[in-house]
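Participant: I am sharing structure_21.json, which consists of JSON, C-alpha atoms and all ligand atoms:
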[["chain", "number", "residue", "atom", "x", "y", "z"],
["A", 1, "MET", "CA", 7.99, 22.72, 30.94],
["A", 2, "THR", "CA", 10.07, 19.98, 32.52],
["A", 3, "THR", "CA", 10.60, 16.54, 31.18],
["A", 4, "SER", "CA", 12.07, 13.84, 33.32],
["A", 5, "PRO", "CA", 12.84, 10.43, 31.93],
["A", 6, "SER", "CA", 11.77, 7.31, 33.69],
["A", 7, "GLU", "CA", 14.46, 4.66, 34.08],
["A", 8, "ALA", "CA", 13.03, 2.55, 31.29],
["A", 9, "SER", "CA", 15.09, 3.15, 28.18],
["A", 10, "THR", "CA", 16.36, 0.99, 25.33],
["A", 11, "VAL", "CA", 19.06, 1.53, 22.73],
["A", 12, "ILE", "CA", 18.85, -0.31, 19.42],
["A", 13, "GLU", "CA", 21.68, -0.39, 16.92],
["A", 14, "VAL", "CA", 20.45, 0.34, 13.40],
["A", 15, "ARG", "CA", 22.79, -1.49, 11.03],
["A", 16, "ALA", "CA", 20.54, -3.73, 8.92],
["A", 17, "ASP", "CA", 17.00, -4.23, 7.59],
["A", 18, "SER", "CA", 16.19, -6.47, 10.52],
["A", 19, "ASP", "CA", 17.07, -3.65, 12.94],
["A", 20, "VAL", "CA", 14.34, -1.47, 11.40],
["A", 21, "VAL", "CA", 11.85, -4.19, 12.36],
["A", 22, "ARG", "CA", 13.42, -4.37, 15.84],
["A", 23, "VAL", "CA", 12.97, -0.60, 16.28],
["A", 24, "ARG", "CA", 9.30, -0.88, 15.28],
["A", 25, "GLN", "CA", 8.72, -3.66, 17.80],
["A", 26, "SER", "CA", 10.47, -1.85, 20.63],
["A", 27, "VAL", "CA", 8.62, 1.42, 19.96],
["A", 28, "ARG", "CA", 5.36, -0.53, 19.92],
["A", 29, "ASP", "CA", 6.19, -2.02, 23.35],
["A", 30, "PHE", "CA", 6.94, 1.42, 24.81],
["A", 31, "ALA", "CA", 3.83, 2.96, 23.23],
["A", 32, "MET", "CA", 1.69, 0.23, 24.77],
["A", 33, "ALA", "CA", 3.40, 0.68, 28.14],
["A", 34, "ALA", "CA", 2.68, 4.43, 27.97],
["A", 35, "LYS", "CA", -0.94, 3.53, 27.13],
["A", 36, "LEU", "CA", -1.08, 5.47, 23.88],
["A", 37, "SER", "CA", -4.26, 4.85, 21.88],
["A", 38, "LEU", "CA", -4.02, 2.30, 19.07],
["A", 39, "VAL", "CA", -4.03, 5.05, 16.43],
["A", 40, "ASP", "CA", -1.29, 6.97, 18.24],
["A", 41, "GLN", "CA", 0.77, 3.79, 18.67],
["A", 42, "THR", "CA", 0.43, 3.15, 14.95],
["A", 43, "LYS", "CA", 1.45, 6.72, 14.09],
["A", 44, "LEU", "CA", 4.52, 6.59, 16.33],
["A", 45, "VAL", "CA", 5.62, 3.17, 15.12],
["A", 46, "THR", "CA", 5.21, 4.26, 11.50],
["A", 47, "ALA", "CA", 7.20, 7.46, 12.13],
["A", 48, "ALA", "CA", 9.95, 5.43, 13.84],
["A", 49, "SER", "CA", 10.05, 3.02, 10.93],
["A", 50, "GLU", "CA", 10.61, 5.90, 8.50],
["A", 51, "LEU", "CA", 13.39, 7.44, 10.59],
["A", 52, "ALA", "CA", 15.08, 4.09, 11.27],
["A", 53, "ARG", "CA", 15.24, 3.43, 7.54],
["A", 54, "ASN", "CA", 16.67, 6.92, 6.88],
["A", 55, "THR", "CA", 19.30, 6.32, 9.58],
["A", 56, "LEU", "CA", 20.25, 3.08, 7.85],
["A", 57, "VAL", "CA", 20.09, 4.21, 4.22],
["A", 58, "TYR", "CA", 21.31, 7.82, 4.36],
["A", 59, "GLY", "CA", 23.06, 7.98, 7.73],
["A", 60, "GLY", "CA", 25.06, 4.82, 7.07],
["A", 61, "GLY", "CA", 23.66, 3.27, 10.25],
["A", 62, "GLY", "CA", 23.38, 4.56, 13.78],
["A", 63, "GLU", "CA", 21.20, 4.00, 16.79],
["A", 64, "ALA", "CA", 17.70, 4.51, 18.11],
["A", 65, "ARG", "CA", 17.04, 5.32, 21.76],
["A", 66, "VAL", "CA", 13.51, 4.73, 23.06],
["A", 67, "ARG", "CA", 12.19, 5.87, 26.43],
["A", 68, "ILE", "CA", 9.11, 6.90, 28.32],
["A", 69, "LEU", "CA", 8.78, 10.57, 29.24],
["A", 70, "GLU", "CA", 6.74, 12.04, 32.05],
["A", 71, "ARG", "CA", 5.52, 15.64, 31.77],
["A", 72, "THR", "CA", 3.34, 17.02, 34.54],
["A", 73, "GLY", "CA", 1.66, 13.69, 34.95],
["A", 74, "VAL", "CA", 1.28, 12.96, 31.25],
["A", 75, "ALA", "CA", 3.20, 10.06, 29.75],
["A", 76, "GLY", "CA", 4.77, 10.08, 26.32],
["A", 77, "VAL", "CA", 7.24, 8.07, 24.28],
["A", 78, "GLU", "CA", 10.41, 9.60, 22.89],
["A", 79, "VAL", "CA", 12.51, 8.05, 20.15],
["A", 80, "VAL", "CA", 15.87, 9.59, 19.26],
["A", 81, "PHE", "CA", 17.73, 8.56, 16.12],
["A", 82, "ALA", "CA", 21.39, 9.42, 15.79],
["A", 83, "ASP", "CA", 23.90, 8.71, 13.06],
["A", 84, "GLU", "CA", 27.33, 9.98, 12.09],
["A", 85, "GLY", "CA", 26.62, 10.09, 8.37],
["A", 86, "PRO", "CA", 26.88, 12.97, 5.89],
["A", 87, "GLY", "CA", 24.18, 15.11, 7.52],
["A", 88, "ILE", "CA", 21.34, 16.84, 5.66],
["A", 89, "PRO", "CA", 22.64, 19.82, 3.66],
["A", 90, "ASP", "CA", 19.28, 21.55, 3.18],
["A", 91, "VAL", "CA", 16.84, 20.74, 5.97],
["A", 92, "ASP", "CA", 13.93, 22.76, 4.53],
["A", 93, "LEU", "CA", 14.24, 20.93, 1.26],
["A", 94, "ALA", "CA", 14.50, 17.53, 2.99],
["A", 95, "LEU", "CA", 11.31, 18.33, 4.93],
["A", 96, "THR", "CA", 9.38, 19.07, 1.74],
["A", 97, "ASP", "CA", 6.73, 16.50, 0.81],
["A", 98, "GLY", "CA", 7.97, 14.50, -2.14],
["A", 99, "TRP", "CA", 11.61, 15.56, -2.06],
["A", 100, "THR", "CA", 14.08, 12.69, -2.14],
["A", 101, "SER", "CA", 17.77, 12.47, -2.94],
["A", 102, "GLY", "CA", 17.37, 8.77, -3.60],
["A", 103, "GLY", "CA", 14.59, 6.71, -5.12],
["A", 104, "GLY", "CA", 12.12, 7.16, -2.25],
["A", 105, "LEU", "CA", 8.77, 8.89, -2.17],
["A", 106, "GLY", "CA", 10.21, 11.75, -0.11],
["A", 107, "LEU", "CA", 7.52, 11.31, 2.52],
["A", 108, "GLY", "CA", 9.59, 9.95, 5.39],
["A", 109, "LEU", "CA", 10.65, 13.18, 7.08],
["A", 110, "SER", "CA", 7.69, 15.39, 6.19],
["A", 111, "GLY", "CA", 5.18, 12.65, 6.95],
["A", 112, "THR", "CA", 6.88, 11.77, 10.22],
["A", 113, "ARG", "CA", 6.62, 15.36, 11.37],
["A", 114, "ARG", "CA", 2.84, 15.23, 10.83],
["A", 115, "LEU", "CA", 2.51, 11.92, 12.69],
["A", 116, "VAL", "CA", 4.16, 12.98, 15.96],
["A", 117, "ASP", "CA", 3.63, 15.74, 18.55],
["A", 118, "ASP", "CA", 7.24, 16.91, 18.93],
["A", 119, "PHE", "CA", 9.85, 16.79, 16.19],
["A", 120, "GLU", "CA", 13.41, 18.07, 16.53],
["A", 121, "LEU", "CA", 16.12, 17.80, 13.91],
["A", 122, "ASP", "CA", 19.82, 18.58, 14.42],
["A", 123, "THR", "CA", 22.20, 18.02, 11.58],
["A", 124, "ALA", "CA", 25.56, 19.28, 10.39],
["A", 125, "ALA", "CA", 27.37, 18.58, 7.14],
["A", 126, "GLY", "CA", 29.86, 15.78, 7.66],
["A", 127, "GLU", "CA", 28.92, 15.25, 11.28],
["A", 128, "GLY", "CA", 25.67, 13.40, 11.22],
["A", 129, "THR", "CA", 22.00, 13.72, 12.00],
["A", 130, "ARG", "CA", 20.00, 13.51, 15.20],
["A", 131, "ILE", "CA", 16.21, 13.43, 15.12],
["A", 132, "SER", "CA", 14.03, 13.26, 18.18],
["A", 133, "ILE", "CA", 10.29, 12.54, 18.08],
["A", 134, "VAL", "CA", 7.71, 12.37, 20.88],
["A", 135, "LYS", "CA", 4.12, 11.22, 20.99],
["A", 136, "TRP", "CA", 2.18, 12.18, 24.15],
["A", 137, "ARG", "CA", -0.71, 10.32, 25.63],
["A", 138, "ARG", "CA", -3.98, 12.14, 25.05],
["B", 1, "MET", "CA", 15.59, -16.36, 4.29],
["B", 2, "GLU", "CA", 12.03, -15.33, 4.98],
["B", 3, "ARG", "CA", 9.73, -15.56, 1.97],
["B", 4, "ILE", "CA", 6.01, -14.80, 1.77],
["B", 5, "PRO", "CA", 4.06, -17.73, 0.25],
["B", 6, "ILE", "CA", 1.90, -17.07, -2.81],
["B", 7, "LEU", "CA", -1.16, -19.30, -3.26],
["B", 8, "ARG", "CA", -2.86, -19.87, -6.58],
["B", 9, "ILE", "CA", -6.63, -20.23, -6.63],
["B", 10, "GLY", "CA", -8.05, -20.58, -10.16],
["B", 11, "ASN", "CA", -6.90, -17.56, -12.08],
["B", 12, "MET", "CA", -6.01, -15.58, -8.96],
["B", 13, "LEU", "CA", -2.95, -15.31, -6.78],
["B", 14, "LEU", "CA", -3.44, -14.88, -3.06],
["B", 15, "VAL", "CA", -0.92, -13.46, -0.62],
["B", 16, "SER", "CA", -1.49, -13.04, 3.09],
["B", 17, "ILE", "CA", 1.24, -11.09, 4.85],
["B", 18, "GLN", "CA", 1.53, -12.47, 8.38],
["B", 19, "VAL", "CA", 4.93, -11.13, 9.42],
["B", 20, "ASP", "CA", 6.44, -7.75, 10.18],
["B", 21, "LEU", "CA", 7.96, -7.13, 6.75],
["B", 22, "GLN", "CA", 11.64, -6.44, 6.38],
["B", 23, "ASP", "CA", 12.43, -4.27, 3.38],
["B", 24, "HIS", "CA", 14.17, -7.01, 1.42],
["B", 25, "THR", "CA", 11.31, -9.42, 2.11],
["B", 26, "ALA", "CA", 8.90, -6.86, 0.65],
["B", 27, "LEU", "CA", 11.05, -6.46, -2.45],
["B", 28, "MET", "CA", 11.31, -10.22, -2.85],
["B", 29, "LEU", "CA", 7.52, -10.52, -2.66],
["B", 30, "GLN", "CA", 7.18, -7.87, -5.35],
["B", 31, "ASP", "CA", 9.50, -9.84, -7.67],
["B", 32, "ASP", "CA", 7.93, -13.20, -6.83],
["B", 33, "LEU", "CA", 4.46, -11.87, -7.60],
["B", 34, "SER", "CA", 5.47, -10.52, -11.01],
["B", 35, "ASN", "CA", 7.09, -13.84, -11.89],
["B", 36, "ARG", "CA", 4.10, -15.87, -10.74],
["B", 37, "ILE", "CA", 1.70, -13.69, -12.76],
["B", 38, "VAL", "CA", 3.69, -14.42, -15.89],
["B", 39, "GLU", "CA", 4.12, -18.16, -15.11],
["B", 40, "THR", "CA", 0.47, -18.76, -14.28],
["B", 41, "GLY", "CA", -1.27, -16.19, -16.45],
["B", 42, "ALA", "CA", -3.20, -15.10, -13.37],
["B", 43, "LYS", "CA", -5.68, -12.29, -13.92],
["B", 44, "GLY", "CA", -6.06, -11.18, -10.34],
["B", 45, "VAL", "CA", -3.81, -10.65, -7.33],
["B", 46, "LEU", "CA", -5.22, -10.39, -3.84],
["B", 47, "ILE", "CA", -2.99, -9.10, -1.05],
["B", 48, "ASP", "CA", -4.32, -9.53, 2.48],
["B", 49, "ILE", "CA", -2.69, -7.04, 4.86],
["B", 50, "SER", "CA", -5.07, -7.51, 7.79],
["B", 51, "ALA", "CA", -2.19, -8.72, 9.98],
["B", 52, "LEU", "CA", 0.02, -5.73, 9.16],
["B", 53, "GLU", "CA", 0.28, -3.33, 12.10],
["B", 54, "ILE", "CA", 1.83, -0.57, 10.03],
["B", 55, "VAL", "CA", 2.25, 0.40, 6.40],
["B", 56, "ASP", "CA", 5.10, 2.86, 5.98],
["B", 57, "SER", "CA", 6.37, 4.54, 2.82],
["B", 58, "PHE", "CA", 8.47, 1.52, 1.85],
["B", 59, "ILE", "CA", 5.68, -1.04, 2.12],
["B", 60, "GLY", "CA", 3.28, 1.47, 0.54],
["B", 61, "ARG", "CA", 5.58, 1.84, -2.41],
["B", 62, "MET", "CA", 5.88, -1.93, -2.73],
["B", 63, "ILE", "CA", 2.08, -2.21, -2.87],
["B", 64, "SER", "CA", 1.73, 0.57, -5.47],
["B", 65, "THR", "CA", 4.50, -0.86, -7.63],
["B", 66, "THR", "CA", 3.02, -4.36, -7.45],
["B", 67, "ALA", "CA", -0.36, -3.00, -8.56],
["B", 68, "ALA", "CA", 1.22, -1.09, -11.44],
["B", 69, "VAL", "CA", 3.38, -4.01, -12.60],
["B", 70, "SER", "CA", 0.51, -6.48, -12.42],
["B", 71, "ARG", "CA", -1.65, -4.14, -14.51],
["B", 72, "VAL", "CA", 1.01, -4.09, -17.22],
["B", 73, "LEU", "CA", 1.01, -7.90, -17.03],
["B", 74, "ASP", "CA", -2.79, -7.92, -17.51],
["B", 75, "ALA", "CA", -3.73, -8.70, -13.91],
["B", 76, "GLU", "CA", -5.63, -6.58, -11.38],
["B", 77, "THR", "CA", -4.45, -6.19, -7.78],
["B", 78, "VAL", "CA", -6.74, -5.74, -4.79],
["B", 79, "VAL", "CA", -5.46, -5.01, -1.30],
["B", 80, "VAL", "CA", -7.77, -6.20, 1.48],
["B", 81, "GLY", "CA", -8.12, -5.94, 5.23],
["B", 82, "MET", "CA", -6.27, -2.73, 6.04],
["B", 83, "GLN", "CA", -6.74, -1.94, 9.75],
["B", 84, "PRO", "CA", -8.44, 1.42, 10.44],
["B", 85, "ALA", "CA", -5.47, 2.74, 12.47],
["B", 86, "VAL", "CA", -3.19, 1.88, 9.56],
["B", 87, "ALA", "CA", -5.47, 3.68, 7.09],
["B", 88, "ILE", "CA", -5.56, 6.83, 9.24],
["B", 89, "THR", "CA", -1.79, 6.83, 9.63],
["B", 90, "LEU", "CA", -1.21, 6.22, 5.93],
["B", 91, "VAL", "CA", -3.27, 9.26, 4.96],
["B", 92, "GLU", "CA", -1.51, 11.49, 7.47],
["B", 93, "LEU", "CA", 1.86, 10.23, 6.29],
["B", 94, "GLY", "CA", 0.83, 11.40, 2.83],
["B", 95, "LEU", "CA", 0.59, 8.07, 1.07],
["B", 96, "THR", "CA", -2.40, 7.82, -1.21],
["B", 97, "LEU", "CA", -1.81, 4.37, -2.73],
["B", 98, "SER", "CA", -3.25, 5.83, -5.92],
["B", 99, "GLY", "CA", -4.09, 3.23, -8.51],
["B", 100, "VAL", "CA", -4.46, 0.52, -5.86],
["B", 101, "ARG", "CA", -7.84, -1.13, -5.49],
["B", 102, "THR", "CA", -8.92, -1.96, -1.96],
["B", 103, "ALA", "CA", -11.67, -4.02, -0.35],
["B", 104, "LEU", "CA", -12.62, -4.53, 3.27],
["B", 105, "ASP", "CA", -12.03, -8.26, 3.43],
["B", 106, "VAL", "CA", -10.93, -11.28, 1.42],
["B", 107, "ASP", "CA", -14.52, -12.20, 0.37],
["B", 108, "ARG", "CA", -15.20, -8.77, -1.06],
["B", 109, "GLY", "CA", -11.77, -8.68, -2.65],
["B", 110, "ILE", "CA", -12.35, -11.97, -4.45],
["B", 111, "ARG", "CA", -15.76, -10.80, -5.67],
["B", 112, "LEU", "CA", -14.28, -7.55, -6.94],
["B", 113, "LEU", "CA", -11.56, -9.43, -8.79],
["B", 114, "SER", "CA", -13.85, -12.07, -10.30],
["B", 115, "ARG", "CA", -16.22, -9.47, -11.65],
["B", 116, "GLY", "CA", -13.31, -7.58, -13.16],
["B", 117, "ILE", "CA", -11.95, -10.76, -14.72],
["B", 118, "ASP", "CA", -15.37, -11.77, -16.17],
["B", 119, "ASP", "CA", -15.81, -8.28, -17.52],
["B", 120, "ARG", "CA", -12.45, -8.28, -19.23],
["B", 121, "ALA", "CA", -13.12, -11.75, -20.64],
["B", 122, "ARG", "CA", -16.24, -10.28, -22.27],
["B", 123, "GLY", "CA", -14.09, -7.70, -24.01],
["B", 124, "GLY", "CA", -14.00, -4.79, -21.59],
["B", 125, "ASP", "CA", -10.46, -3.87, -20.74],
["B", 126, "VAL", "CA", -10.92, -2.33, -17.31],
["B", 127, "ILE", "CA", -12.94, -2.97, -14.20],
["B", 128, "ARG", "CA", -15.83, -0.57, -14.63],
["B", 129, "ASP", "CA", -16.59, 1.72, -11.75],
["B", 130, "ASP", "CA", -20.28, 0.82, -11.63],
["B", 131, "TYR", "CA", -19.23, -2.66, -10.54],
["B", 132, "LEU", "CA", -17.51, -1.12, -7.56],
["B", 133, "ALA", "CA", -20.65, 0.37, -6.06],
["B", 134, "GLU", "CA", -21.98, -2.51, -3.99],
["C", 1, "LIG", "N1", 19.80, 10.49, 8.51],
["C", 1, "LIG", "C1", 19.97, 11.13, 7.35],
["C", 1, "LIG", "N2", 21.22, 11.49, 6.92],
["C", 1, "LIG", "C2", 21.40, 12.13, 5.76],
["C", 1, "LIG", "N3", 20.41, 12.47, 4.91],
["C", 1, "LIG", "C3", 19.14, 12.17, 5.27],
["C", 1, "LIG", "C4", 18.85, 11.49, 6.50],
["C", 1, "LIG", "N4", 17.50, 11.33, 6.58],
["C", 1, "LIG", "C5", 16.99, 11.89, 5.47],
["C", 1, "LIG", "N5", 17.96, 12.39, 4.65],
["C", 1, "LIG", "C6", 17.77, 13.10, 3.36],
["C", 1, "LIG", "O1", 16.46, 13.65, 3.34],
["C", 1, "LIG", "C7", 15.75, 13.19, 2.18],
["C", 1, "LIG", "C8", 14.30, 13.09, 2.50],
["C", 1, "LIG", "O2", 14.07, 12.00, 3.41],
["C", 1, "LIG", "P1", 12.65, 11.30, 3.43],
["C", 1, "LIG", "O3", 12.66, 10.19, 4.40],
["C", 1, "LIG", "O4", 11.64, 12.38, 3.59],
["C", 1, "LIG", "O5", 12.50, 10.74, 1.97],
["C", 1, "LIG", "P2", 13.15, 9.43, 1.31],
["C", 1, "LIG", "O6", 13.81, 8.59, 2.35],
["C", 1, "LIG", "O7", 14.03, 9.89, 0.19],
["C", 1, "LIG", "O8", 11.89, 8.69, 0.73],
["C", 1, "LIG", "P3", 10.79, 7.85, 1.58],
["C", 1, "LIG", "O9", 11.16, 7.94, 3.02],
["C", 1, "LIG", "O10", 9.48, 8.50, 1.29],
["C", 1, "LIG", "O11", 10.85, 6.47, 1.03],
["C", 1, "LIG", "C9", 16.42, 11.90, 1.80],
["C", 1, "LIG", "O12", 16.24, 11.61, 0.43],
["C", 1, "LIG", "C10", 17.87, 12.18, 2.18],
["C", 1, "LIG", "O13", 18.53, 12.90, 1.15],
["C", 2, "MG", "MG", 12.87, 8.00, 4.12]]
Would you mind giving the structure from this file in structure tokens?
Facilitator:
Amino acid sequence: MTTSPSEASTVIEVRADSDVVRVRQSVRDFAMAAKLSLVDQTKLVTAASELARNTLVYGGGGEARVRILERTGVAGVEVVFADEGPGIPDVDLALTDGWTSGGGLGLGLSGTRRLVDDFELDTAAGEGTRISIVKWRR
Amino acid sequence: MERIPILRIGNMLLVSIQVDLQDHTALMLQDDLSNRIVETGAKGVLIDISALEIVDSFIGRMISTTAAVSRVLDAETVVVGMQPAVAITLVELGLTLSGVRTALDVDRGIRLLSRGIDDRARGGDVIRDDYLAE
């Protein structure tokens, strides 16, 4: 399977509350451009909102990269979140519904994985976290 | 700083969220609502989210907490106008909004609240479920 990016791509710094809103708006724009259905747009924007907040709160800030993907004629939207925070020590635990190290509901990561088509998580203690999500057009 | 206005109508408080909520704005609304319930002695809180394009775990938690706090302060909360795409996403995310009353639109929400308030005024202490079946 080959994925080739189109030239359209945006990087958003995630350093404050207002950046989480900016990520949501940008992901919405890309999802509309890729002609995702309204429900799929809503799922992707919600997933991005969760991950942007995690990047800010746990990752100590970072960036979100949004772009359109093209796979054998099918369009999709990819959002990659990257931070250089503490990393996630136990990924399985972090992906468990209801598990939180803070005061959250512990639904961000596990719920996000359900909302998107592709979900990839790379993390290393002390080096940071990189999470990539994709929603394809149906 | 952005602040969501809270309207008072009789013994109800009405909030219509018309902006993409930043986290601190959501927290401020939660505090403001609790304070206004105490100040006004309101018995019902209606939150219109028909303009919200997403509800994520943070906003969901704000709504649940507001409902729980208002209950302790002797007021009922009803959330109205959730878009279908938002409802579908919320369920898949895993948020149940348990303990939060919902209605399809503002009219129905107000009716639900007024009946609950009348009922409690007559001595019942909860909104009875048979009032919910329309
Ligand atoms: N970018 C990150 N860097 C370091 N730790 C992270 C990162 N993202 C998530 N985590 C860890 O994974 C846990 C689970 O995250 P998740 O988003 O599922 O829940 P939460 O943020 O605690 O609560 P919720 O998102 O439901 O409000 C977090 O509590 C945190 O410990
Ligand atoms: Mg989270």
Participant: Between CA of Arg61 in chain B and CA of Lys135 in chain A, what distance in Å does the model show, to one decimal?
Facilitator: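 According to the coordinates, CA of Arg61 in chain B and CA of Lys135 in chain A are separated by 25.3 Å.
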Participant: Could you make a table, as a tab-separated table, of the residues of chain B that have an atom within 12 Å of an atom of ligand MG 2 (chain C), each with its nearest atom pair and distance in Å to one decimal, counting all atoms listed in the file, in chain and number order?
Facilitator:
residue	atom	partner	partner_atom	distance
B:Asp56	CA	C:MG2	MG	9.5
B:Ser57	CA	C:MG2	MG	7.5
B:Phe58	CA	C:MG2	MG	8.2
B:Ile59	CA	C:MG2	MG	11.7
B:Arg61	CA	C:MG2	MG	11.6
B:Leu93	CA	C:MG2	MG	11.4
Participant: Distance limit 9 Å, reference ligand LIG 1 (chain C), atoms considered: only C-alpha atoms and all ligand atoms. Which residues make the cut? Give them as a ChimeraX atom specification.
Facilitator: /A:50-62,81-91,93-112,123,125,128-131 /B:56-58,61,95
Participant: Could you write out the selected residues, including C-alpha atoms, as a compact mmCIF listing (two decimals), in the frame of the given file?
Facilitator:
# COMPACT_ATOMS: atom_id res chain seq x y z
CA GLU A 50 10.61 5.90 8.50
CA LEU A 51 13.39 7.44 10.59
CA ALA A 52 15.08 4.09 11.27
CA ARG A 53 15.24 3.43 7.54
CA ASN A 54 16.67 6.92 6.88
CA THR A 55 19.30 6.32 9.58
CA LEU A 56 20.25 3.08 7.85
CA VAL A 57 20.09 4.21 4.22
CA TYR A 58 21.31 7.82 4.36
CA GLY A 59 23.06 7.98 7.73
CA GLY A 60 25.06 4.82 7.07
CA GLY A 61 23.66 3.27 10.25
CA GLY A 62 23.38 4.56 13.78
CA PHE A 81 17.73 8.56 16.12
CA ALA A 82 21.39 9.42 15.79
CA ASP A 83 23.90 8.71 13.06
CA GLU A 84 27.33 9.98 12.09
CA GLY A 85 26.62 10.09 8.37
CA PRO A 86 26.88 12.97 5.89
CA GLY A 87 24.18 15.11 7.52
CA ILE A 88 21.34 16.84 5.66
CA PRO A 89 22.64 19.82 3.66
CA ASP A 90 19.28 21.55 3.18
CA VAL A 91 16.84 20.74 5.97
CA LEU A 93 14.24 20.93 1.26
CA ALA A 94 14.50 17.53 2.99
CA LEU A 95 11.31 18.33 4.93
CA THR A 96 9.38 19.07 1.74
CA ASP A 97 6.73 16.50 0.81
CA GLY A 98 7.97 14.50 -2.14
CA TRP A 99 11.61 15.56 -2.06
CA THR A 100 14.08 12.69 -2.14
CA SER A 101 17.77 12.47 -2.94
CA GLY A 102 17.37 8.77 -3.60
CA GLY A 103 14.59 6.71 -5.12
CA GLY A 104 12.12 7.16 -2.25
CA LEU A 105 8.77 8.89 -2.17
CA GLY A 106 10.21 11.75 -0.11
CA LEU A 107 7.52 11.31 2.52
CA GLY A 108 9.59 9.95 5.39
CA LEU A 109 10.65 13.18 7.08
CA SER A 110 7.69 15.39 6.19
CA GLY A 111 5.18 12.65 6.95
CA THR A 112 6.88 11.77 10.22
CA THR A 123 22.20 18.02 11.58
CA ALA A 125 27.37 18.58 7.14
CA GLY A 128 25.67 13.40 11.22
CA THR A 129 22.00 13.72 12.00
CA ARG A 130 20.00 13.51 15.20
CA ILE A 131 16.21 13.43 15.12
CA ASP B 56 5.10 2.86 5.98
CA SER B 57 6.37 4.54 2.82
CA PHE B 58 8.47 1.52 1.85
CA ARG B 61 5.58 1.84 -2.41
CA LEU B 95 0.59 8.07 1.07
Participant: Work out where the centre of an axis-aligned box around every listed atom of range 110-117 of chain A lies and how long its edges are once 6 Å is added on each side; give both in Å to one decimal as JSON.
Facilitator:
{"center_x": 5.1, "center_y": 13.8, "center_z": 12.4, "size_x": 17.2, "size_y": 16.0, "size_z": 24.4}
Participant: Quick check, in Å to one decimal: how far apart do CA of Glu53 in chain B and CA of Met82 in chain B lie?
Facilitator: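 Separation between CA of Glu53 in chain B and CA of Met82 in chain B: 8.9 Å.
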Participant: Which residues of chain A have any atom within 6 Å of an atom in chain B when counting all atoms listed in the file, and what is the closest pair of atoms for each, with the distance in Å to one decimal? Order the rows by chain and rising number and write it as JSON lines.
Facilitator:
{"residue": "A:Asp17", "atom": "CA", "partner": "B:Gln22", "partner_atom": "CA", "distance": 5.9}
{"residue": "A:Val39", "atom": "CA", "partner": "B:Ala85", "partner_atom": "CA", "distance": 4.8}
{"residue": "A:Lys43", "atom": "CA", "partner": "B:Thr89", "partner_atom": "CA", "distance": 5.5}
{"residue": "A:Thr46", "atom": "CA", "partner": "B:Asp56", "partner_atom": "CA", "distance": 5.7}
{"residue": "A:Gly111", "atom": "CA", "partner": "B:Leu93", "partner_atom": "CA", "distance": 4.2}
Participant: Could you check which residues have any atom within 9 Å of (20.9, -1.8, 22.9), counting all atoms listed in the file with coordinates taken straight from the file, and then list them as a list in words?
Facilitator: Thr10, Val11, Ile12, Glu13, Glu63, Ala64 and Arg65 of chain A
Participant: So that I can see what lies close to range 1-7 of chain B, please list as a ChimeraX atom specification the residues with an atom at most 12 Å from it, counting all atoms listed in the file and leaving out residues fewer than 4 positions away in the same chain.
Facilitator: /A:18 /B:11-37,40,42,44-48
Participant: Those same residues, written as a CSV table (one decimal), keeping the file's coordinate frame with C-alpha atoms?
Facilitator:
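Result file is result.csv:
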chain,number,residue,atom,x,y,z
A,18,SER,CA,16.2,-6.5,10.5
B,11,ASN,CA,-6.9,-17.6,-12.1
B,12,MET,CA,-6.0,-15.6,-9.0
B,13,LEU,CA,-3.0,-15.3,-6.8
B,14,LEU,CA,-3.4,-14.9,-3.1
B,15,VAL,CA,-0.9,-13.5,-0.6
B,16,SER,CA,-1.5,-13.0,3.1
B,17,ILE,CA,1.2,-11.1,4.8
B,18,GLN,CA,1.5,-12.5,8.4
B,19,VAL,CA,4.9,-11.1,9.4
B,20,ASP,CA,6.4,-7.8,10.2
B,21,LEU,CA,8.0,-7.1,6.8
B,22,GLN,CA,11.6,-6.4,6.4
B,23,ASP,CA,12.4,-4.3,3.4
B,24,HIS,CA,14.2,-7.0,1.4
B,25,THR,CA,11.3,-9.4,2.1
B,26,ALA,CA,8.9,-6.9,0.6
B,27,LEU,CA,11.0,-6.5,-2.4
B,28,MET,CA,11.3,-10.2,-2.8
B,29,LEU,CA,7.5,-10.5,-2.7
B,30,GLN,CA,7.2,-7.9,-5.4
B,31,ASP,CA,9.5,-9.8,-7.7
B,32,ASP,CA,7.9,-13.2,-6.8
B,33,LEU,CA,4.5,-11.9,-7.6
B,34,SER,CA,5.5,-10.5,-11.0
B,35,ASN,CA,7.1,-13.8,-11.9
B,36,ARG,CA,4.1,-15.9,-10.7
B,37,ILE,CA,1.7,-13.7,-12.8
B,40,THR,CA,0.5,-18.8,-14.3
B,42,ALA,CA,-3.2,-15.1,-13.4
B,44,GLY,CA,-6.1,-11.2,-10.3
B,45,VAL,CA,-3.8,-10.6,-7.3
B,46,LEU,CA,-5.2,-10.4,-3.8
B,47,ILE,CA,-3.0,-9.1,-1.0
B,48,ASP,CA,-4.3,-9.5,2.5
Participant: Report the distance between CA of Val79 in chain A and CA of Ser49 in chain A in Å, rounded to one decimal place.
Facilitator: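 Atom-to-atom, CA of Val79 in chain A to CA of Ser49 in chain A, that is 10.8 Å.
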Participant: Excluding same-chain residues fewer than 4 positions from Ile117 in chain B, what lies within 7 Å of it counting only C-alpha atoms, as a VMD selection string?
Facilitator: chain B and resid 43 113 121
Participant: Tell me which of A:Leu69, A:Val74, A:Leu44, A:Val80 sits closest to Asp117 in chain A, counting all atoms listed in the file.
Facilitator: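 Distance minimum relative to Asp117 in chain A lands on A:Leu44.
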Participant: Find, counting only C-alpha atoms, the residue in B:Ser70, B:Ser50, B:Thr77, B:Thr65 that gets nearest to Gly109 in chain B.
Facilitator: B:Thr77
Participant: Calculated over only C-alpha atoms, which of the candidates A:Ala34, A:Val116, A:Val21, A:Ala16 has the smallest distance to Gly73 in chain A?
Facilitator: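 Closest to Gly73 in chain A, using only C-alpha atoms: A:Ala34.
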